[in-house]
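To start, the structure itself, in structure tokens.
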Amino acid sequence: MSEPQSSLLTALDLVPFGQSGLEARFFALRLTHPGWTQWRPGQFVMVRPSSFGFELPWARPFGICHMTAKHLILFFQVVGRGTQRLAQIRPGDEVRVWGPLGNGFALEPDRPTLLLAGGMGIVPFVGYVHLHPKPWNIHMLFGHREPIDCYPVDSINERVPVDSLREHTAGDLDNFIFSIQEHMQDIAEQDGLVLACGPLPFLRTVRQFALDSGVRTQLSLENRMACGVGACLGCVTRTTQAWPVAEKRGGMVQICNHGPVFWAHQVEL
Ligand SMILES: Cc1cc2nc3c(=O)[nH]c(=O)nc-3n(C[C@H](O)[C@H](O)[C@H](O)COP(=O)(O)OP(=O)(O)OC[C@H]3O[C@@H](n4cnc5c(N)ncnc54)[C@H](O)[C@@H]3O)c2cc1C
Ligand code: FES
């Protein structure tokens, strides 16, 4: 895997998804290639455009959506000051990017693989389905609150089947949870692999089903991060007695450099 490096990239374009103009809150950002030779879906980058200025000293973490031979593609939702600034990027602007950071999802081409995404948790699966050599072994469940065209679903759907469910009411959420449980049970019977990314309550549910059914499951944790490289201790999570390193069992580990992807039975949520 490539060693993390700092690169000054150029923004090529910023494409709004779902809405247009000032209303848009979801964007694909295409940047020049950072020159890494290798990366894995599930890894992330720390991003700081020059427009952050002095007011926003910290870079922000984003999952790698996809890399082509020429481009690094990120996909983000506007939630606060940093992502608002990102949404104002113009072609030609410079963006400092540190990466690739963290570990990444397991890729076991011959194993039936279930991808579970909640909202923006869909992002790392774009690259995952494109790099997977046997996409016919993958199935995806996607739960979301905003209209489906706010998310990069089409580029996944062209490679693997996606069952999506939009949450309008509490009943919709119950249906989604039921569907997750059924699919995880199926995958457990086939000795398959489950990969999940999304908000914490969603990951807690997936983790519980993983423990109940015994299916091998990885979770991507996307806590707030400041440094992204293990130095500030701002992103820790607690491990279980199943953690591979004895002296860290039941202790805290940094998500940025031990994760963000963890085996479900090795961390508490
Ligand atoms: C490994 C990793 C990968 C990520 N990948 C993506 C991605 O691909 N696309 C994307 O849009 N976002 C992603 N995020 C989340 C993204 O980093 C935050 O949305 C962003 O940093 C918010 O910056 P801001 O300055 O706009 O918001 P802030 O002003 O810092 O915060 C605005 C609001 O958002 C909340 N918030 C900020 N960060 C997070 C977070 N990590 N989780 C939950 N709530 C948060 C804050 O509590 C606050 O309520 C990822 C985070 C991590 C750690
Ligand atoms: S973000 Fe600083 S230790 Fe993880």
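FYI, nothing fancy with the structure tokens labels: chains A, B, ... in order, residues from 1 per chain, ligands from 1 as they appear.
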Counting only C-alpha atoms, give me one row per residue of stretch 110-222 of chain A with an atom at most 10 Å from an atom of stretch 240-260 of chain A, showing the shortest contact pair and its distance in Å to one decimal, sorted by chain then residue number, as CSV.
residue,atom,partner,partner_atom,distance
A:Cys197,CA,A:Pro260,CA,9.9
A:Gln218,CA,A:Pro260,CA,9.9
A:Leu219,CA,A:Pro260,CA,8.0
A:Ser220,CA,A:Pro260,CA,5.2
A:Leu221,CA,A:Pro260,CA,5.2
A:Glu222,CA,A:Pro260,CA,6.7
Go through chain A residue by residue and, counting only C-alpha atoms and all ligand atoms, keep those with an atom at most 6 Å from ligand 2; for each kept residue give the shortest atom pair and its distance in Å to one decimal, ordered by chain and increasing number, as JSON lines.
{"residue": "A:Met225", "atom": "CA", "partner": "ligand 2", "partner_atom_place_in_ligand_line": "1 (S)", "distance": 3.8}
{"residue": "A:Ala226", "atom": "CA", "partner": "ligand 2", "partner_atom_place_in_ligand_line": "1 (S)", "distance": 4.4}
{"residue": "A:Cys227", "atom": "CA", "partner": "ligand 2", "partner_atom_place_in_ligand_line": "2 (Fe)", "distance": 4.0}
{"residue": "A:Gly228", "atom": "CA", "partner": "ligand 2", "partner_atom_place_in_ligand_line": "1 (S)", "distance": 3.9}
{"residue": "A:Val229", "atom": "CA", "partner": "ligand 2", "partner_atom_place_in_ligand_line": "2 (Fe)", "distance": 5.7}
{"residue": "A:Gly230", "atom": "CA", "partner": "ligand 2", "partner_atom_place_in_ligand_line": "3 (S)", "distance": 3.4}
{"residue": "A:Ala231", "atom": "CA", "partner": "ligand 2", "partner_atom_place_in_ligand_line": "3 (S)", "distance": 4.6}
{"residue": "A:Cys232", "atom": "CA", "partner": "ligand 2", "partner_atom_place_in_ligand_line": "2 (Fe)", "distance": 3.8}
{"residue": "A:Leu233", "atom": "CA", "partner": "ligand 2", "partner_atom_place_in_ligand_line": "3 (S)", "distance": 3.7}
{"residue": "A:Gly234", "atom": "CA", "partner": "ligand 2", "partner_atom_place_in_ligand_line": "2 (Fe)", "distance": 4.9}
{"residue": "A:Cys235", "atom": "CA", "partner": "ligand 2", "partner_atom_place_in_ligand_line": "4 (Fe)", "distance": 4.4}
{"residue": "A:Gln254", "atom": "CA", "partner": "ligand 2", "partner_atom_place_in_ligand_line": "4 (Fe)", "distance": 5.1}
{"residue": "A:Ile255", "atom": "CA", "partner": "ligand 2", "partner_atom_place_in_ligand_line": "4 (Fe)", "distance": 5.7}
{"residue": "A:Cys256", "atom": "CA", "partner": "ligand 2", "partner_atom_place_in_ligand_line": "4 (Fe)", "distance": 4.4}
Would you put the residues from that selection into a file with C-alpha atoms, as a short mmCIF file (atom, residue, chain, number, x, y, z; two decimals), in the first residue's frame?
data_model
loop_
_atom_site.label_atom_id
_atom_site.label_comp_id
_atom_site.auth_asym_id
_atom_site.auth_seq_id
_atom_site.Cartn_x
_atom_site.Cartn_y
_atom_site.Cartn_z
CA MET A 225 -11.10 13.76 13.38
CA ALA A 226 -8.57 16.56 13.73
CA CYS A 227 -5.13 15.24 12.76
CA GLY A 228 -6.06 12.01 10.93
CA VAL A 229 -2.72 10.35 11.76
CA GLY A 230 -2.97 9.16 15.39
CA ALA A 231 -1.43 12.22 17.04
CA CYS A 232 -4.30 14.11 18.75
CA LEU A 233 -6.28 11.20 20.33
CA GLY A 234 -9.46 12.98 19.24
CA CYS A 235 -11.03 9.98 17.52
CA GLN A 254 -7.42 5.76 17.49
CA ILE A 255 -9.91 5.27 14.67
CA CYS A 256 -7.77 7.18 12.17
#
For ligand 1, list the contacting residues at 9 Å or closer, counting only C-alpha atoms and all ligand atoms, as a PDB file with N, CA and C atoms, in the first residue's frame.
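result-v8.pdb, written as the output of this step:
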ATOM      1  N   PHE A  26     -25.110  18.197  -1.839  1.00  0.00           N
ATOM      2  CA  PHE A  26     -24.340  16.975  -2.107  1.00  0.00           C
ATOM      3  C   PHE A  26     -23.505  17.207  -3.364  1.00  0.00           C
ATOM      4  N   PHE A  27     -22.205  16.900  -3.273  1.00  0.00           N
ATOM      5  CA  PHE A  27     -21.317  17.220  -4.398  1.00  0.00           C
ATOM      6  C   PHE A  27     -20.300  16.115  -4.640  1.00  0.00           C
ATOM      7  N   GLY A  42     -12.309   2.321   1.413  1.00  0.00           N
ATOM      8  CA  GLY A  42     -12.442   2.358   2.875  1.00  0.00           C
ATOM      9  C   GLY A  42     -11.376   3.267   3.462  1.00  0.00           C
ATOM     10  N   GLN A  43     -10.265   3.480   2.703  1.00  0.00           N
ATOM     11  CA  GLN A  43      -9.271   4.459   3.169  1.00  0.00           C
ATOM     12  C   GLN A  43      -9.832   5.870   2.983  1.00  0.00           C
ATOM     13  N   PHE A  44      -9.188   6.834   3.645  1.00  0.00           N
ATOM     14  CA  PHE A  44      -9.708   8.198   3.570  1.00  0.00           C
ATOM     15  C   PHE A  44      -8.569   9.190   3.353  1.00  0.00           C
ATOM     16  N   VAL A  45      -8.950  10.439   3.150  1.00  0.00           N
ATOM     17  CA  VAL A  45      -7.969  11.515   2.999  1.00  0.00           C
ATOM     18  C   VAL A  45      -8.347  12.661   3.942  1.00  0.00           C
ATOM     19  N   MET A  46      -7.351  13.441   4.351  1.00  0.00           N
ATOM     20  CA  MET A  46      -7.612  14.696   5.056  1.00  0.00           C
ATOM     21  C   MET A  46      -7.493  15.800   4.008  1.00  0.00           C
ATOM     22  N   LEU A  56     -10.234  28.250   9.573  1.00  0.00           N
ATOM     23  CA  LEU A  56     -10.455  26.803   9.693  1.00  0.00           C
ATOM     24  C   LEU A  56      -9.094  26.112   9.627  1.00  0.00           C
ATOM     25  N   TRP A  58      -8.059  23.220  10.776  1.00  0.00           N
ATOM     26  CA  TRP A  58      -7.985  21.756  10.645  1.00  0.00           C
ATOM     27  C   TRP A  58      -8.514  21.283   9.306  1.00  0.00           C
ATOM     28  N   ALA A  59      -7.801  20.323   8.731  1.00  0.00           N
ATOM     29  CA  ALA A  59      -8.308  19.657   7.530  1.00  0.00           C
ATOM     30  C   ALA A  59      -9.528  18.822   7.924  1.00  0.00           C
ATOM     31  N   ARG A  60     -10.317  18.380   6.940  1.00  0.00           N
ATOM     32  CA  ARG A  60     -11.496  17.552   7.203  1.00  0.00           C
ATOM     33  C   ARG A  60     -11.316  16.178   6.543  1.00  0.00           C
ATOM     34  N   PRO A  61     -11.788  15.104   7.237  1.00  0.00           N
ATOM     35  CA  PRO A  61     -11.639  13.758   6.658  1.00  0.00           C
ATOM     36  C   PRO A  61     -12.762  13.410   5.671  1.00  0.00           C
ATOM     37  N   PHE A  62     -12.408  12.768   4.564  1.00  0.00           N
ATOM     38  CA  PHE A  62     -13.399  12.273   3.598  1.00  0.00           C
ATOM     39  C   PHE A  62     -12.952  10.926   3.065  1.00  0.00           C
ATOM     40  N   GLY A  63     -13.904  10.014   2.949  1.00  0.00           N
ATOM     41  CA  GLY A  63     -13.611   8.713   2.364  1.00  0.00           C
ATOM     42  C   GLY A  63     -13.224   8.903   0.900  1.00  0.00           C
ATOM     43  N   ILE A  64     -12.349   8.027   0.403  1.00  0.00           N
ATOM     44  CA  ILE A  64     -12.034   8.073  -1.025  1.00  0.00           C
ATOM     45  C   ILE A  64     -13.216   7.438  -1.745  1.00  0.00           C
ATOM     46  N   CYS A  65     -13.868   8.239  -2.598  1.00  0.00           N
ATOM     47  CA  CYS A  65     -15.035   7.719  -3.318  1.00  0.00           C
ATOM     48  C   CYS A  65     -14.542   6.821  -4.446  1.00  0.00           C
ATOM     49  N   LEU A  74     -13.917  12.673  -4.651  1.00  0.00           N
ATOM     50  CA  LEU A  74     -14.509  12.689  -3.314  1.00  0.00           C
ATOM     51  C   LEU A  74     -15.985  13.002  -3.484  1.00  0.00           C
ATOM     52  N   PHE A  75     -16.772  12.599  -2.499  1.00  0.00           N
ATOM     53  CA  PHE A  75     -18.203  12.911  -2.553  1.00  0.00           C
ATOM     54  C   PHE A  75     -18.586  13.392  -1.158  1.00  0.00           C
ATOM     55  N   PHE A  76     -19.201  14.582  -1.068  1.00  0.00           N
ATOM     56  CA  PHE A  76     -19.483  15.092   0.275  1.00  0.00           C
ATOM     57  C   PHE A  76     -20.844  15.768   0.381  1.00  0.00           C
ATOM     58  N   GLN A  77     -21.288  15.830   1.639  1.00  0.00           N
ATOM     59  CA  GLN A  77     -22.537  16.523   1.974  1.00  0.00           C
ATOM     60  C   GLN A  77     -22.164  17.757   2.788  1.00  0.00           C
ATOM     61  N   VAL A  78     -22.818  18.879   2.509  1.00  0.00           N
ATOM     62  CA  VAL A  78     -22.561  20.096   3.280  1.00  0.00           C
ATOM     63  C   VAL A  78     -23.260  19.971   4.634  1.00  0.00           C
ATOM     64  N   VAL A  79     -22.453  20.028   5.721  1.00  0.00           N
ATOM     65  CA  VAL A  79     -23.043  19.956   7.072  1.00  0.00           C
ATOM     66  C   VAL A  79     -22.571  21.093   7.963  1.00  0.00           C
ATOM     67  N   GLY A  80     -21.496  21.784   7.595  1.00  0.00           N
ATOM     68  CA  GLY A  80     -20.955  22.838   8.461  1.00  0.00           C
ATOM     69  C   GLY A  80     -20.024  23.738   7.671  1.00  0.00           C
ATOM     70  N   ARG A  81     -19.172  24.465   8.417  1.00  0.00           N
ATOM     71  CA  ARG A  81     -18.375  25.516   7.773  1.00  0.00           C
ATOM     72  C   ARG A  81     -17.364  24.977   6.758  1.00  0.00           C
ATOM     73  N   GLY A  82     -16.719  23.846   7.121  1.00  0.00           N
ATOM     74  CA  GLY A  82     -15.692  23.307   6.224  1.00  0.00           C
ATOM     75  C   GLY A  82     -16.294  22.820   4.916  1.00  0.00           C
ATOM     76  N   THR A  83     -17.366  22.079   5.014  1.00  0.00           N
ATOM     77  CA  THR A  83     -17.984  21.546   3.784  1.00  0.00           C
ATOM     78  C   THR A  83     -18.675  22.667   2.987  1.00  0.00           C
ATOM     79  N   GLN A  84     -19.105  23.741   3.683  1.00  0.00           N
ATOM     80  CA  GLN A  84     -19.629  24.899   2.926  1.00  0.00           C
ATOM     81  C   GLN A  84     -18.538  25.504   2.057  1.00  0.00           C
ATOM     82  N   ARG A  85     -17.333  25.633   2.642  1.00  0.00           N
ATOM     83  CA  ARG A  85     -16.202  26.169   1.853  1.00  0.00           C
ATOM     84  C   ARG A  85     -15.862  25.230   0.695  1.00  0.00           C
ATOM     85  N   LEU A  86     -15.906  23.926   0.970  1.00  0.00           N
ATOM     86  CA  LEU A  86     -15.604  22.970  -0.117  1.00  0.00           C
ATOM     87  C   LEU A  86     -16.595  23.129  -1.261  1.00  0.00           C
ATOM     88  N   LEU A 101      -5.031   7.379   3.873  1.00  0.00           N
ATOM     89  CA  LEU A 101      -4.930   7.145   5.316  1.00  0.00           C
ATOM     90  C   LEU A 101      -5.831   5.982   5.739  1.00  0.00           C
ATOM     91  N   GLY A 102      -5.452   5.339   6.864  1.00  0.00           N
ATOM     92  CA  GLY A 102      -6.278   4.268   7.424  1.00  0.00           C
ATOM     93  C   GLY A 102      -6.103   2.963   6.671  1.00  0.00           C
ATOM     94  N   MET A 120     -24.551   8.883   3.752  1.00  0.00           N
ATOM     95  CA  MET A 120     -23.242   9.126   3.123  1.00  0.00           C
ATOM     96  C   MET A 120     -22.290   7.946   3.273  1.00  0.00           C
ATOM     97  N   GLY A 121     -22.692   6.942   4.019  1.00  0.00           N
ATOM     98  CA  GLY A 121     -21.905   5.706   4.118  1.00  0.00           C
ATOM     99  C   GLY A 121     -21.783   4.996   2.781  1.00  0.00           C
ATOM    100  N   ILE A 122     -22.492   5.460   1.779  1.00  0.00           N
ATOM    101  CA  ILE A 122     -22.398   4.854   0.443  1.00  0.00           C
ATOM    102  C   ILE A 122     -21.040   5.162  -0.225  1.00  0.00           C
ATOM    103  N   VAL A 123     -20.392   6.255   0.200  1.00  0.00           N
ATOM    104  CA  VAL A 123     -19.237   6.778  -0.547  1.00  0.00           C
ATOM    105  C   VAL A 123     -18.129   5.746  -0.811  1.00  0.00           C
ATOM    106  N   PRO A 124     -17.589   5.049   0.216  1.00  0.00           N
ATOM    107  CA  PRO A 124     -16.457   4.151  -0.082  1.00  0.00           C
ATOM    108  C   PRO A 124     -16.836   2.961  -0.953  1.00  0.00           C
ATOM    109  N   PRO A 199     -24.163   6.042   9.714  1.00  0.00           N
ATOM    110  CA  PRO A 199     -24.212   6.682  11.028  1.00  0.00           C
ATOM    111  C   PRO A 199     -24.116   5.670  12.175  1.00  0.00           C
ATOM    112  N   LEU A 200     -23.723   6.160  13.341  1.00  0.00           N
ATOM    113  CA  LEU A 200     -23.448   5.281  14.485  1.00  0.00           C
ATOM    114  C   LEU A 200     -24.624   4.375  14.882  1.00  0.00           C
ATOM    115  N   SER A 220     -17.096   0.602   9.144  1.00  0.00           N
ATOM    116  CA  SER A 220     -16.245   1.779   8.988  1.00  0.00           C
ATOM    117  C   SER A 220     -16.771   2.868   9.916  1.00  0.00           C
ATOM    118  N   LEU A 221     -15.931   3.296  10.864  1.00  0.00           N
ATOM    119  CA  LEU A 221     -16.346   4.309  11.853  1.00  0.00           C
ATOM    120  C   LEU A 221     -15.890   5.682  11.369  1.00  0.00           C
ATOM    121  N   GLU A 222     -16.820   6.636  11.350  1.00  0.00           N
ATOM    122  CA  GLU A 222     -16.464   7.941  10.795  1.00  0.00           C
ATOM    123  C   GLU A 222     -16.620   9.034  11.843  1.00  0.00           C
ATOM    124  N   ASN A 223     -15.938   8.858  12.984  1.00  0.00           N
ATOM    125  CA  ASN A 223     -15.990   9.877  14.039  1.00  0.00           C
ATOM    126  C   ASN A 223     -15.330  11.175  13.578  1.00  0.00           C
ATOM    127  N   ARG A 224     -15.509  12.223  14.369  1.00  0.00           N
ATOM    128  CA  ARG A 224     -14.821  13.471  14.041  1.00  0.00           C
ATOM    129  C   ARG A 224     -13.322  13.265  14.186  1.00  0.00           C
ATOM    130  N   MET A 225     -12.552  13.894  13.332  1.00  0.00           N
ATOM    131  CA  MET A 225     -11.095  13.760  13.378  1.00  0.00           C
ATOM    132  C   MET A 225     -10.453  15.123  13.209  1.00  0.00           C
ATOM    133  N   ALA A 226      -9.299  15.296  13.891  1.00  0.00           N
ATOM    134  CA  ALA A 226      -8.573  16.559  13.731  1.00  0.00           C
ATOM    135  C   ALA A 226      -7.275  16.331  12.956  1.00  0.00           C
ATOM    136  N   GLY A 228      -5.933  13.080  11.923  1.00  0.00           N
ATOM    137  CA  GLY A 228      -6.056  12.008  10.932  1.00  0.00           C
ATOM    138  C   GLY A 228      -4.902  11.016  10.929  1.00  0.00           C
ATOM    139  N   CYS A 235     -10.102  10.816  18.279  1.00  0.00           N
ATOM    140  CA  CYS A 235     -11.033   9.979  17.522  1.00  0.00           C
ATOM    141  C   CYS A 235     -11.101   8.551  18.056  1.00  0.00           C
ATOM    142  N   ILE A 255      -9.199   5.758  15.866  1.00  0.00           N
ATOM    143  CA  ILE A 255      -9.910   5.274  14.675  1.00  0.00           C
ATOM    144  C   ILE A 255      -9.114   5.605  13.407  1.00  0.00           C
ATOM    145  N   CYS A 256      -8.426   6.761  13.414  1.00  0.00           N
ATOM    146  CA  CYS A 256      -7.771   7.184  12.166  1.00  0.00           C
ATOM    147  C   CYS A 256      -6.633   6.265  11.772  1.00  0.00           C
ATOM    148  N   GLY A 259      -8.111   2.173  12.199  1.00  0.00           N
ATOM    149  CA  GLY A 259      -9.284   1.955  11.351  1.00  0.00           C
ATOM    150  C   GLY A 259      -9.118   2.769  10.088  1.00  0.00           C
ATOM    151  N   PRO A 260     -10.152   3.382   9.527  1.00  0.00           N
ATOM    152  CA  PRO A 260     -11.479   3.497  10.136  1.00  0.00           C
ATOM    153  C   PRO A 260     -12.296   2.208  10.074  1.00  0.00           C
ATOM    154  N   VAL A 261     -11.738   1.163   9.387  1.00  0.00           N
ATOM    155  CA  VAL A 261     -12.510  -0.073   9.232  1.00  0.00           C
ATOM    156  C   VAL A 261     -12.083  -1.060  10.327  1.00  0.00           C
TER     157      VAL A 261
END
Exercise for review: Point out the residue among A:Val126, A:Leu107, A:Leu114, A:Leu14 with the least atom-to-atom distance to A:Asp93, counting only C-alpha atoms.
Suggested key: A:Leu14
Review point. With distances taken over only C-alpha atoms, which of A:Thr217, A:Trp36, A:Arg111, A:His132 is nearest to A:Arg204?
Key: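 Under the stated criterion, the closest residue is A:Thr217.
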